[in-house]
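Visitor: Right, I'll just put the structure down here and ask away after.
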Amino acid sequence: MAHPTLPGFTYQRVPVDEEVALNVAVGGSGSPVVLLHGFPQTHLMWRHVAADLAADHTVICPDLRGYGDSDKPREAGPDTYAKRTMARDVVTLARALGHERFALAGHDRGALVAFRAGLDHPAAVSHLACLDVLPTVDMWEALHGTTAAVGFHLYLMAQPPGLPERMIEASADVFFAHFLDLWANDPGALPADVRDAYLAACRTAVPSIVADYRASAGVDVEHDKADRAAGHRLTMPVRVLQQDWGAALGYEAAALWGAWATDLRHSTVSCGHFMAEEAPRDVAGALRELMAQG
């Protein structure tokens, strides 16, 4: 059975690194915006927002390396799935499509890639939106005690190669469906064909997904700490949309994000984690407001 696609978008594979090409959907015309998906999803999570924005923007929706129909290189070391590497993929992709400067929005894992791209490539990223995450170093520091149980998958996939891959592969659909079910306030926002596409994509990408998370327990933290110590900040307009995780886990999300951004607008939303699918008009509206800033 063929996977769903973004109607009206064209698909291509774009080389971004040695033996790594990304699957990308491109649609619309106008100033460019790149949309990065989260876990356990693919570029399909942007289907409603992308269609909205394509009315007056060139919308670029890739599968991240290691996910969906993009290449999944073997984890040769911590840098293979470092967010720094994945951010470089995104900048290379945009440049290959003719865009030296672009707006960038990411959800979940994609937001961590977008955050790193904003720090590492400020000349390329004109506007930055991050949906329902904290920067990696802040996320780990916020998790503590029994409340950290909500992030059990972070600790599982942080383990050395071998055990997490075998455990997840043994019941991949149950594992990934757990998050689709738990994190969605509106299950109807994930129709059966899209849900099946997510599960199929994850089922065949366990080693690379684990490697992505393993990097976030190691090299990504090191990169964030180095930038924080050096006082590096995001200099472009930044929009953050989040659920109110801070109320449950005991942190002030706006303050944590404010330490990283010189021009921040932070909002909490009442939908579930999959906000681009559960509240697409709100997300598209927030992105339009962001991109309208000078």
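Following the order of the structure tokens, chains are lettered A, B, ..., residues in each are numbered from 1, and ligands are numbered from 1.
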Identify, on the basis of only C-alpha atoms, every residue whose closest approach to stretch 135-150 of chain A does not exceed 10 Å; exclude the query and any residue fewer than 2 positions from it along the same chain; express the result as a PDB file with all heavy atoms, in the first residue's frame.

Guide:
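Dumped everything to around_38.pdb:
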```
ATOM      1  N   LYS A  83      22.480  16.699  16.349  1.00  0.00           N
ATOM      2  CA  LYS A  83      21.609  17.725  15.783  1.00  0.00           C
ATOM      3  C   LYS A  83      22.423  18.710  14.944  1.00  0.00           C
ATOM      4  O   LYS A  83      21.893  19.303  14.004  1.00  0.00           O
ATOM      5  CB  LYS A  83      20.831  18.440  16.899  1.00  0.00           C
ATOM      6  CG  LYS A  83      19.973  17.506  17.734  1.00  0.00           C
ATOM      7  CD  LYS A  83      19.045  16.666  16.876  1.00  0.00           C
ATOM      8  CE  LYS A  83      18.816  15.261  17.361  1.00  0.00           C
ATOM      9  NZ  LYS A  83      19.925  14.440  17.774  1.00  0.00           N
ATOM     10  N   ARG A 109      11.475  16.384  17.735  1.00  0.00           N
ATOM     11  CA  ARG A 109      12.860  16.174  17.295  1.00  0.00           C
ATOM     12  C   ARG A 109      13.266  17.211  16.260  1.00  0.00           C
ATOM     13  O   ARG A 109      14.391  17.722  16.268  1.00  0.00           O
ATOM     14  CB  ARG A 109      13.054  14.768  16.701  1.00  0.00           C
ATOM     15  CG  ARG A 109      12.566  13.623  17.557  1.00  0.00           C
ATOM     16  CD  ARG A 109      13.199  13.610  18.933  1.00  0.00           C
ATOM     17  NE  ARG A 109      14.631  13.363  18.878  1.00  0.00           N
ATOM     18  CZ  ARG A 109      15.441  13.475  19.927  1.00  0.00           C
ATOM     19  NH1 ARG A 109      14.977  13.879  21.089  1.00  0.00           N
ATOM     20  NH2 ARG A 109      16.727  13.212  19.819  1.00  0.00           N
ATOM     21  N   ALA A 111      12.264  20.190  16.059  1.00  0.00           N
ATOM     22  CA  ALA A 111      12.509  21.472  16.714  1.00  0.00           C
ATOM     23  C   ALA A 111      13.911  21.539  17.295  1.00  0.00           C
ATOM     24  O   ALA A 111      14.532  22.604  17.331  1.00  0.00           O
ATOM     25  CB  ALA A 111      11.475  21.709  17.808  1.00  0.00           C
ATOM     26  N   LEU A 112      14.436  20.401  17.755  1.00  0.00           N
ATOM     27  CA  LEU A 112      15.806  20.371  18.255  1.00  0.00           C
ATOM     28  C   LEU A 112      16.800  20.591  17.119  1.00  0.00           C
ATOM     29  O   LEU A 112      17.821  21.264  17.292  1.00  0.00           O
ATOM     30  CB  LEU A 112      16.082  19.047  18.956  1.00  0.00           C
ATOM     31  CG  LEU A 112      15.196  18.738  20.167  1.00  0.00           C
ATOM     32  CD1 LEU A 112      15.565  17.391  20.767  1.00  0.00           C
ATOM     33  CD2 LEU A 112      15.280  19.840  21.210  1.00  0.00           C
ATOM     34  N   VAL A 113      16.493  20.036  15.952  1.00  0.00           N
ATOM     35  CA  VAL A 113      17.324  20.285  14.767  1.00  0.00           C
ATOM     36  C   VAL A 113      17.235  21.755  14.372  1.00  0.00           C
ATOM     37  O   VAL A 113      18.248  22.392  14.057  1.00  0.00           O
ATOM     38  CB  VAL A 113      16.895  19.377  13.602  1.00  0.00           C
ATOM     39  CG1 VAL A 113      17.700  19.697  12.344  1.00  0.00           C
ATOM     40  CG2 VAL A 113      17.058  17.896  13.973  1.00  0.00           C
ATOM     41  N   PHE A 115      16.490  24.333  16.294  1.00  0.00           N
ATOM     42  CA  PHE A 115      17.204  25.113  17.316  1.00  0.00           C
ATOM     43  C   PHE A 115      18.700  25.126  17.028  1.00  0.00           C
ATOM     44  O   PHE A 115      19.347  26.179  17.053  1.00  0.00           O
ATOM     45  CB  PHE A 115      16.909  24.485  18.677  1.00  0.00           C
ATOM     46  CG  PHE A 115      17.737  25.030  19.812  1.00  0.00           C
ATOM     47  CD1 PHE A 115      17.446  26.256  20.375  1.00  0.00           C
ATOM     48  CD2 PHE A 115      18.789  24.292  20.341  1.00  0.00           C
ATOM     49  CE1 PHE A 115      18.197  26.751  21.439  1.00  0.00           C
ATOM     50  CE2 PHE A 115      19.543  24.770  21.404  1.00  0.00           C
ATOM     51  CZ  PHE A 115      19.247  26.010  21.954  1.00  0.00           C
ATOM     52  N   ARG A 116      19.258  23.969  16.734  1.00  0.00           N
ATOM     53  CA  ARG A 116      20.690  23.876  16.450  1.00  0.00           C
ATOM     54  C   ARG A 116      21.028  24.634  15.163  1.00  0.00           C
ATOM     55  O   ARG A 116      22.062  25.306  15.079  1.00  0.00           O
ATOM     56  CB  ARG A 116      21.085  22.395  16.362  1.00  0.00           C
ATOM     57  CG  ARG A 116      22.530  22.102  16.003  1.00  0.00           C
ATOM     58  CD  ARG A 116      23.547  22.903  16.744  1.00  0.00           C
ATOM     59  NE  ARG A 116      23.421  22.869  18.196  1.00  0.00           N
ATOM     60  CZ  ARG A 116      24.110  23.664  19.008  1.00  0.00           C
ATOM     61  NH1 ARG A 116      24.953  24.566  18.518  1.00  0.00           N
ATOM     62  NH2 ARG A 116      23.946  23.579  20.316  1.00  0.00           N
ATOM     63  N   CYS A 130       9.774  26.759  17.190  1.00  0.00           N
ATOM     64  CA  CYS A 130       9.989  25.461  17.829  1.00  0.00           C
ATOM     65  C   CYS A 130       8.704  25.056  18.550  1.00  0.00           C
ATOM     66  O   CYS A 130       8.188  25.810  19.379  1.00  0.00           O
ATOM     67  CB  CYS A 130      11.150  25.531  18.821  1.00  0.00           C
ATOM     68  SG  CYS A 130      12.757  25.794  18.040  1.00  0.00           S
ATOM     69  N   VAL A 133       8.951  21.571  22.620  1.00  0.00           N
ATOM     70  CA  VAL A 133      10.196  21.025  23.171  1.00  0.00           C
ATOM     71  C   VAL A 133      10.857  22.080  24.045  1.00  0.00           C
ATOM     72  O   VAL A 133      10.489  23.255  24.021  1.00  0.00           O
ATOM     73  CB  VAL A 133      11.214  20.601  22.083  1.00  0.00           C
ATOM     74  CG1 VAL A 133      10.712  19.462  21.238  1.00  0.00           C
ATOM     75  CG2 VAL A 133      11.628  21.796  21.240  1.00  0.00           C
ATOM     76  N   PHE A 152      10.461   8.200  29.794  1.00  0.00           N
ATOM     77  CA  PHE A 152      11.181   6.922  29.906  1.00  0.00           C
ATOM     78  C   PHE A 152      11.901   6.552  28.620  1.00  0.00           C
ATOM     79  O   PHE A 152      12.975   5.930  28.637  1.00  0.00           O
ATOM     80  CB  PHE A 152      10.213   5.798  30.302  1.00  0.00           C
ATOM     81  CG  PHE A 152       9.401   5.247  29.155  1.00  0.00           C
ATOM     82  CD1 PHE A 152       9.831   4.136  28.443  1.00  0.00           C
ATOM     83  CD2 PHE A 152       8.208   5.850  28.769  1.00  0.00           C
ATOM     84  CE1 PHE A 152       9.093   3.631  27.379  1.00  0.00           C
ATOM     85  CE2 PHE A 152       7.465   5.353  27.703  1.00  0.00           C
ATOM     86  CZ  PHE A 152       7.902   4.242  27.006  1.00  0.00           C
ATOM     87  N   HIS A 153      11.306   6.918  27.479  1.00  0.00           N
ATOM     88  CA  HIS A 153      11.903   6.556  26.193  1.00  0.00           C
ATOM     89  C   HIS A 153      13.237   7.269  25.987  1.00  0.00           C
ATOM     90  O   HIS A 153      14.123   6.743  25.308  1.00  0.00           O
ATOM     91  CB  HIS A 153      10.948   6.887  25.053  1.00  0.00           C
ATOM     92  CG  HIS A 153      10.561   8.331  24.965  1.00  0.00           C
ATOM     93  ND1 HIS A 153       9.909   9.008  25.972  1.00  0.00           N
ATOM     94  CD2 HIS A 153      10.751   9.255  23.967  1.00  0.00           C
ATOM     95  CE1 HIS A 153       9.706  10.254  25.613  1.00  0.00           C
ATOM     96  NE2 HIS A 153      10.221  10.442  24.413  1.00  0.00           N
ATOM     97  N   LEU A 154      13.392   8.461  26.576  1.00  0.00           N
ATOM     98  CA  LEU A 154      14.655   9.185  26.468  1.00  0.00           C
ATOM     99  C   LEU A 154      15.783   8.405  27.128  1.00  0.00           C
ATOM    100  O   LEU A 154      16.899   8.325  26.604  1.00  0.00           O
ATOM    101  CB  LEU A 154      14.533  10.558  27.120  1.00  0.00           C
ATOM    102  CG  LEU A 154      13.434  11.488  26.597  1.00  0.00           C
ATOM    103  CD1 LEU A 154      13.363  12.744  27.460  1.00  0.00           C
ATOM    104  CD2 LEU A 154      13.683  11.848  25.147  1.00  0.00           C
ATOM    105  N   TYR A 155      15.486   7.829  28.282  1.00  0.00           N
ATOM    106  CA  TYR A 155      16.493   7.068  29.023  1.00  0.00           C
ATOM    107  C   TYR A 155      16.761   5.719  28.358  1.00  0.00           C
ATOM    108  O   TYR A 155      17.910   5.257  28.316  1.00  0.00           O
ATOM    109  CB  TYR A 155      16.040   6.879  30.471  1.00  0.00           C
ATOM    110  CG  TYR A 155      15.941   8.173  31.231  1.00  0.00           C
ATOM    111  CD1 TYR A 155      14.757   8.904  31.250  1.00  0.00           C
ATOM    112  CD2 TYR A 155      17.043   8.697  31.909  1.00  0.00           C
ATOM    113  CE1 TYR A 155      14.665  10.117  31.934  1.00  0.00           C
ATOM    114  CE2 TYR A 155      16.958   9.901  32.595  1.00  0.00           C
ATOM    115  CZ  TYR A 155      15.768  10.605  32.601  1.00  0.00           C
ATOM    116  OH  TYR A 155      15.690  11.792  33.266  1.00  0.00           O
ATOM    117  N   SER A 216      21.147  12.787  21.552  1.00  0.00           N
ATOM    118  CA  SER A 216      20.589  13.823  22.423  1.00  0.00           C
ATOM    119  C   SER A 216      20.910  13.610  23.894  1.00  0.00           C
ATOM    120  O   SER A 216      20.655  14.501  24.710  1.00  0.00           O
ATOM    121  CB  SER A 216      19.070  13.923  22.224  1.00  0.00           C
ATOM    122  OG  SER A 216      18.784  14.585  21.007  1.00  0.00           O
ATOM    123  N   ALA A 217      21.426  12.445  24.233  1.00  0.00           N
ATOM    124  CA  ALA A 217      21.867  12.201  25.606  1.00  0.00           C
ATOM    125  C   ALA A 217      23.377  12.365  25.737  1.00  0.00           C
ATOM    126  O   ALA A 217      23.933  12.137  26.811  1.00  0.00           O
ATOM    127  CB  ALA A 217      21.462  10.792  26.046  1.00  0.00           C
ATOM    128  N   GLY A 218      24.020  12.773  24.656  1.00  0.00           N
ATOM    129  CA  GLY A 218      25.473  12.885  24.665  1.00  0.00           C
ATOM    130  C   GLY A 218      25.963  14.128  23.958  1.00  0.00           C
ATOM    131  O   GLY A 218      26.027  15.219  24.525  1.00  0.00           O
ATOM    132  N   ASP A 220      24.730  16.139  21.761  1.00  0.00           N
ATOM    133  CA  ASP A 220      23.868  17.319  21.660  1.00  0.00           C
ATOM    134  C   ASP A 220      23.913  18.147  22.943  1.00  0.00           C
ATOM    135  O   ASP A 220      23.881  19.384  22.900  1.00  0.00           O
ATOM    136  CB  ASP A 220      22.424  16.902  21.368  1.00  0.00           C
ATOM    137  CG  ASP A 220      22.263  16.249  20.010  1.00  0.00           C
ATOM    138  OD1 ASP A 220      23.149  16.423  19.150  1.00  0.00           O
ATOM    139  OD2 ASP A 220      21.237  15.558  19.806  1.00  0.00           O
ATOM    140  N   VAL A 221      23.971  17.474  24.085  1.00  0.00           N
ATOM    141  CA  VAL A 221      24.092  18.177  25.363  1.00  0.00           C
ATOM    142  C   VAL A 221      25.418  18.936  25.413  1.00  0.00           C
ATOM    143  O   VAL A 221      25.474  20.089  25.865  1.00  0.00           O
ATOM    144  CB  VAL A 221      23.978  17.210  26.549  1.00  0.00           C
ATOM    145  CG1 VAL A 221      24.224  17.924  27.872  1.00  0.00           C
ATOM    146  CG2 VAL A 221      22.604  16.542  26.560  1.00  0.00           C
ATOM    147  N   GLU A 222      26.480  18.301  24.951  1.00  0.00           N
ATOM    148  CA  GLU A 222      27.784  18.953  24.941  1.00  0.00           C
ATOM    149  C   GLU A 222      27.752  20.219  24.097  1.00  0.00           C
ATOM    150  O   GLU A 222      28.294  21.269  24.492  1.00  0.00           O
ATOM    151  CB  GLU A 222      28.840  17.986  24.396  1.00  0.00           C
ATOM    152  CG  GLU A 222      29.087  16.764  25.269  1.00  0.00           C
ATOM    153  CD  GLU A 222      30.014  15.767  24.602  1.00  0.00           C
ATOM    154  OE1 GLU A 222      30.569  16.093  23.528  1.00  0.00           O
ATOM    155  OE2 GLU A 222      30.170  14.654  25.137  1.00  0.00           O
ATOM    156  N   HIS A 223      27.114  20.159  22.943  1.00  0.00           N
ATOM    157  CA  HIS A 223      27.041  21.333  22.069  1.00  0.00           C
ATOM    158  C   HIS A 223      26.220  22.446  22.721  1.00  0.00           C
ATOM    159  O   HIS A 223      26.600  23.628  22.658  1.00  0.00           O
ATOM    160  CB  HIS A 223      26.434  20.943  20.725  1.00  0.00           C
ATOM    161  CG  HIS A 223      27.310  20.058  19.911  1.00  0.00           C
ATOM    162  ND1 HIS A 223      26.827  19.244  18.904  1.00  0.00           N
ATOM    163  CD2 HIS A 223      28.655  19.837  19.945  1.00  0.00           C
ATOM    164  CE1 HIS A 223      27.833  18.581  18.351  1.00  0.00           C
ATOM    165  NE2 HIS A 223      28.948  18.921  18.963  1.00  0.00           N
ATOM    166  N   ASP A 224      25.098  22.081  23.347  1.00  0.00           N
ATOM    167  CA  ASP A 224      24.279  23.096  24.011  1.00  0.00           C
ATOM    168  C   ASP A 224      25.031  23.746  25.171  1.00  0.00           C
ATOM    169  O   ASP A 224      24.986  24.968  25.359  1.00  0.00           O
ATOM    170  CB  ASP A 224      22.980  22.467  24.541  1.00  0.00           C
ATOM    171  CG  ASP A 224      21.933  22.238  23.456  1.00  0.00           C
ATOM    172  OD1 ASP A 224      22.247  22.466  22.274  1.00  0.00           O
ATOM    173  OD2 ASP A 224      20.804  21.850  23.808  1.00  0.00           O
ATOM    174  N   LYS A 225      25.711  22.926  25.961  1.00  0.00           N
ATOM    175  CA  LYS A 225      26.457  23.478  27.101  1.00  0.00           C
ATOM    176  C   LYS A 225      27.558  24.422  26.641  1.00  0.00           C
ATOM    177  O   LYS A 225      27.792  25.467  27.267  1.00  0.00           O
ATOM    178  CB  LYS A 225      27.046  22.341  27.934  1.00  0.00           C
ATOM    179  CG  LYS A 225      26.034  21.605  28.802  1.00  0.00           C
ATOM    180  CD  LYS A 225      26.710  20.540  29.661  1.00  0.00           C
ATOM    181  CE  LYS A 225      25.726  19.885  30.614  1.00  0.00           C
ATOM    182  NZ  LYS A 225      26.364  18.831  31.440  1.00  0.00           N
ATOM    183  N   ARG A 228      25.894  27.655  25.638  1.00  0.00           N
ATOM    184  CA  ARG A 228      25.409  28.380  26.812  1.00  0.00           C
ATOM    185  C   ARG A 228      26.570  29.035  27.558  1.00  0.00           C
ATOM    186  O   ARG A 228      26.477  30.201  27.968  1.00  0.00           O
ATOM    187  CB  ARG A 228      24.637  27.426  27.731  1.00  0.00           C
ATOM    188  CG  ARG A 228      23.970  28.119  28.900  1.00  0.00           C
ATOM    189  CD  ARG A 228      22.948  27.219  29.584  1.00  0.00           C
ATOM    190  NE  ARG A 228      23.570  26.048  30.205  1.00  0.00           N
ATOM    191  CZ  ARG A 228      22.863  25.111  30.856  1.00  0.00           C
ATOM    192  NH1 ARG A 228      21.545  25.186  30.933  1.00  0.00           N
ATOM    193  NH2 ARG A 228      23.491  24.081  31.409  1.00  0.00           N
ATOM    194  N   GLY A 246       5.582  22.563  31.855  1.00  0.00           N
ATOM    195  CA  GLY A 246       6.257  23.109  33.021  1.00  0.00           C
ATOM    196  C   GLY A 246       5.441  22.988  34.285  1.00  0.00           C
ATOM    197  O   GLY A 246       5.987  22.783  35.379  1.00  0.00           O
ATOM    198  N   ALA A 248       3.547  20.591  35.132  1.00  0.00           N
ATOM    199  CA  ALA A 248       3.635  19.229  35.640  1.00  0.00           C
ATOM    200  C   ALA A 248       5.042  18.864  36.101  1.00  0.00           C
ATOM    201  O   ALA A 248       5.206  18.111  37.066  1.00  0.00           O
ATOM    202  CB  ALA A 248       3.181  18.241  34.555  1.00  0.00           C
ATOM    203  N   LEU A 249       6.042  19.415  35.427  1.00  0.00           N
ATOM    204  CA  LEU A 249       7.416  19.010  35.701  1.00  0.00           C
ATOM    205  C   LEU A 249       8.197  20.034  36.524  1.00  0.00           C
ATOM    206  O   LEU A 249       9.349  19.797  36.871  1.00  0.00           O
ATOM    207  CB  LEU A 249       8.153  18.728  34.385  1.00  0.00           C
ATOM    208  CG  LEU A 249       7.562  17.607  33.522  1.00  0.00           C
ATOM    209  CD1 LEU A 249       8.362  17.449  32.241  1.00  0.00           C
ATOM    210  CD2 LEU A 249       7.513  16.292  34.282  1.00  0.00           C
ATOM    211  N   GLY A 250       7.586  21.157  36.817  1.00  0.00           N
ATOM    212  CA  GLY A 250       8.200  22.090  37.741  1.00  0.00           C
ATOM    213  C   GLY A 250       9.232  23.027  37.149  1.00  0.00           C
ATOM    214  O   GLY A 250      10.237  23.322  37.785  1.00  0.00           O
ATOM    215  N   TYR A 251       9.013  23.530  35.932  1.00  0.00           N
ATOM    216  CA  TYR A 251       9.922  24.509  35.355  1.00  0.00           C
ATOM    217  C   TYR A 251       9.122  25.595  34.659  1.00  0.00           C
ATOM    218  O   TYR A 251       7.931  25.416  34.360  1.00  0.00           O
ATOM    219  CB  TYR A 251      10.920  23.865  34.388  1.00  0.00           C
ATOM    220  CG  TYR A 251      10.292  23.209  33.170  1.00  0.00           C
ATOM    221  CD1 TYR A 251       9.921  23.965  32.064  1.00  0.00           C
ATOM    222  CD2 TYR A 251      10.082  21.835  33.120  1.00  0.00           C
ATOM    223  CE1 TYR A 251       9.351  23.375  30.936  1.00  0.00           C
ATOM    224  CE2 TYR A 251       9.517  21.226  32.007  1.00  0.00           C
ATOM    225  CZ  TYR A 251       9.155  22.005  30.925  1.00  0.00           C
ATOM    226  OH  TYR A 251       8.587  21.424  29.823  1.00  0.00           O
ATOM    227  N   GLU A 252       9.755  26.712  34.394  1.00  0.00           N
ATOM    228  CA  GLU A 252       9.132  27.820  33.687  1.00  0.00           C
ATOM    229  C   GLU A 252       9.679  27.848  32.265  1.00  0.00           C
ATOM    230  O   GLU A 252      10.796  28.310  32.006  1.00  0.00           O
ATOM    231  CB  GLU A 252       9.427  29.138  34.401  1.00  0.00           C
ATOM    232  CG  GLU A 252       8.884  30.377  33.701  1.00  0.00           C
ATOM    233  CD  GLU A 252       7.417  30.271  33.338  1.00  0.00           C
ATOM    234  OE1 GLU A 252       6.587  30.024  34.249  1.00  0.00           O
ATOM    235  OE2 GLU A 252       7.112  30.414  32.143  1.00  0.00           O
ATOM    236  N   ALA A 253       8.889  27.324  31.332  1.00  0.00           N
ATOM    237  CA  ALA A 253       9.364  27.138  29.960  1.00  0.00           C
ATOM    238  C   ALA A 253       9.763  28.454  29.309  1.00  0.00           C
ATOM    239  O   ALA A 253      10.794  28.531  28.627  1.00  0.00           O
ATOM    240  CB  ALA A 253       8.306  26.435  29.128  1.00  0.00           C
ATOM    241  N   LEU A 256      13.189  29.526  30.433  1.00  0.00           N
ATOM    242  CA  LEU A 256      14.256  28.699  29.865  1.00  0.00           C
ATOM    243  C   LEU A 256      14.519  29.095  28.415  1.00  0.00           C
ATOM    244  O   LEU A 256      15.676  29.239  28.001  1.00  0.00           O
ATOM    245  CB  LEU A 256      13.897  27.221  29.970  1.00  0.00           C
ATOM    246  CG  LEU A 256      13.819  26.636  31.387  1.00  0.00           C
ATOM    247  CD1 LEU A 256      13.382  25.183  31.352  1.00  0.00           C
ATOM    248  CD2 LEU A 256      15.165  26.764  32.090  1.00  0.00           C
ATOM    249  N   TRP A 257      13.452  29.278  27.645  1.00  0.00           N
ATOM    250  CA  TRP A 257      13.626  29.678  26.261  1.00  0.00           C
ATOM    251  C   TRP A 257      14.178  31.108  26.165  1.00  0.00           C
ATOM    252  O   TRP A 257      14.968  31.430  25.281  1.00  0.00           O
ATOM    253  CB  TRP A 257      12.308  29.571  25.498  1.00  0.00           C
ATOM    254  CG  TRP A 257      12.099  28.223  24.895  1.00  0.00           C
ATOM    255  CD1 TRP A 257      11.259  27.239  25.338  1.00  0.00           C
ATOM    256  CD2 TRP A 257      12.756  27.712  23.731  1.00  0.00           C
ATOM    257  NE1 TRP A 257      11.362  26.136  24.516  1.00  0.00           N
ATOM    258  CE2 TRP A 257      12.261  26.403  23.523  1.00  0.00           C
ATOM    259  CE3 TRP A 257      13.702  28.231  22.851  1.00  0.00           C
ATOM    260  CZ2 TRP A 257      12.697  25.609  22.476  1.00  0.00           C
ATOM    261  CZ3 TRP A 257      14.141  27.430  21.796  1.00  0.00           C
ATOM    262  CH2 TRP A 257      13.633  26.138  21.615  1.00  0.00           C
ATOM    263  N   TRP A 260      17.785  31.771  25.732  1.00  0.00           N
ATOM    264  CA  TRP A 260      18.420  31.423  24.456  1.00  0.00           C
ATOM    265  C   TRP A 260      18.093  32.410  23.330  1.00  0.00           C
ATOM    266  O   TRP A 260      18.770  32.399  22.307  1.00  0.00           O
ATOM    267  CB  TRP A 260      17.969  30.029  24.012  1.00  0.00           C
ATOM    268  CG  TRP A 260      18.543  28.904  24.806  1.00  0.00           C
ATOM    269  CD1 TRP A 260      17.933  28.206  25.811  1.00  0.00           C
ATOM    270  CD2 TRP A 260      19.843  28.327  24.667  1.00  0.00           C
ATOM    271  NE1 TRP A 260      18.764  27.230  26.297  1.00  0.00           N
ATOM    272  CE2 TRP A 260      19.945  27.286  25.620  1.00  0.00           C
ATOM    273  CE3 TRP A 260      20.936  28.592  23.837  1.00  0.00           C
ATOM    274  CZ2 TRP A 260      21.102  26.508  25.753  1.00  0.00           C
ATOM    275  CZ3 TRP A 260      22.080  27.817  23.972  1.00  0.00           C
ATOM    276  CH2 TRP A 260      22.153  26.783  24.921  1.00  0.00           C
TER     277      TRP A 260
END
```

Visitor: Would you pick out the contacts of stretch 187-196 of chain A at 8 Å or less, using only C-alpha atoms, so that residues sharing its chain but fewer than 3 positions from it are not included, and give the list as a VMD selection string?

Guide: chain A and resid 3 to 4 44 180 to 181 184 199 to 200 277 to 278

Visitor: Give the answer as one residue: which of A:Ala82, A:Val174, A:Ala117, A:Met236 has the shortest atom-to-atom distance to A:Ala211, using only C-alpha atoms?

Guide: A:Ala82

Visitor: Within 12 Å of stretch 64-76 of chain A, which residues of stretch 186-278 of chain A come that close, and what is the closest atom pair and distance in Å for each? Count only C-alpha atoms and give it as CSV.

Guide:
```
residue,atom,partner,partner_atom,distance
A:Ala197,CA,A:Gly68,CA,8.9
A:Tyr198,CA,A:Gly68,CA,8.0
A:Leu199,CA,A:Gly68,CA,9.9
A:Ala200,CA,A:Gly68,CA,8.7
A:Ala201,CA,A:Gly68,CA,5.1
A:Cys202,CA,A:Tyr67,CA,7.2
A:Arg203,CA,A:Gly68,CA,9.9
A:Thr204,CA,A:Gly68,CA,8.7
A:Ala205,CA,A:Tyr67,CA,6.3
A:Val206,CA,A:Gly66,CA,8.8
A:Pro207,CA,A:Arg74,CA,8.0
A:Ser208,CA,A:Gly66,CA,4.9
A:Ile209,CA,A:Gly66,CA,6.2
A:Val210,CA,A:Gly66,CA,9.4
A:Ala211,CA,A:Glu75,CA,6.4
A:Asp212,CA,A:Gly66,CA,7.7
A:Tyr213,CA,A:Gly66,CA,11.0
A:Arg214,CA,A:Glu75,CA,10.1
A:Ala215,CA,A:Glu75,CA,9.9
```

Visitor: Which is closest to A:Met291 among A:Met275, A:Ala87, A:Leu104, A:Ala177, if we use only C-alpha atoms?

Guide: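 Of all the options, A:Leu104 lies closest to A:Met291.
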
Visitor: Using only C-alpha atoms, pick whichever of A:Trp183, A:Asn23, A:His127, A:Glu169 has the shortest atom-to-atom distance to A:Leu290.

Guide: A:His127

Visitor: Go through stretch 203-283 of chain A residue by residue and, counting only C-alpha atoms, keep those with an atom at most 12 Å from stretch 51-54 of chain A; for each kept residue give the shortest atom pair and its distance in Å to one decimal, ordered by chain and increasing number, as a tab-separated table.

Guide:
```
residue	atom	partner	partner_atom	distance
A:Ala276	CA	A:Asp52	CA	11.4
A:Pro280	CA	A:Asp52	CA	8.8
A:Arg281	CA	A:Asp52	CA	8.2
A:Asp282	CA	A:Asp52	CA	11.1
A:Val283	CA	A:Asp52	CA	10.1
```

Visitor: Could you go through stretch 24-173 of chain A and tell me which residues DSSP, when run on the backbone, assigns to alpha helix (DSSP H), listing them as a PyMOL selection string?

Guide: chain A and resi 47-53+83-96+109-120+136-142+152-156+163-170+172-173

Visitor: Between atom CA of A:Pro32 and atom CA of A:His99, measure the distance and give it in Å to one decimal.

Guide: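 Separation between atom CA of A:Pro32 and atom CA of A:His99: 7.2 Å.
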
Visitor: Run DSSP on the backbone of this structure and report the residues of stretch 27-180 of chain A it assigns to strand (DSSP E), as a ChimeraX atom specification.

Guide: /A:27,31-36,57-62,102-107,125-131

Visitor: Considering only C-alpha atoms, can you say which of A:Leu128, A:Leu6, A:Ala170, A:Ala123 comes closest to A:Val33?

Guide: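 Distance minimum relative to A:Val33 lands on A:Leu128.
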
Visitor: Would you pick out the contacts of A:Pro62 at 8 Å or less, using only C-alpha atoms, so that residues sharing its chain but fewer than 5 positions from it are not included, and give the list as a ChimeraX atom specification?

Guide: /A:22-25,34-37,43

Visitor: Mind checking which residues fall within 12 Å of A:Thr235, counting only C-alpha atoms, ignoring those fewer than 5 positions away in the same chain, and posting them as a list in words?

Guide: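 Surrounding residues, per the criterion: Phe115, Ala117, Gly118, Leu119, Asp120, His121, Pro122, Ala123, Ala124, Val125, Ser126, His127, Leu128, Gly258, Ala259, Trp260, Ala261, Thr262, Asp263 and Leu264 of chain A.
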
Visitor: Suppose you want the space between atom CA of A:Ala255 and atom CA of A:Phe102; what is it in Å?

Guide: 26.4 Å

Visitor: Between A:Pro40, A:Val238, A:Gln243, A:Arg233, single out the one closest to A:Ala172, counting only C-alpha atoms.

Guide: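 Using only C-alpha atoms, the shortest distance to A:Ala172 belongs to A:Pro40.
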
Visitor: Using only C-alpha atoms for the distances, tell me which of A:Gly38, A:Gly272, A:Gly98, A:Gly162 is nearest to A:Gly110.

Guide: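 Of A:Gly38, A:Gly272, A:Gly98, A:Gly162, the one nearest A:Gly110, counting only C-alpha atoms, is A:Gly38.
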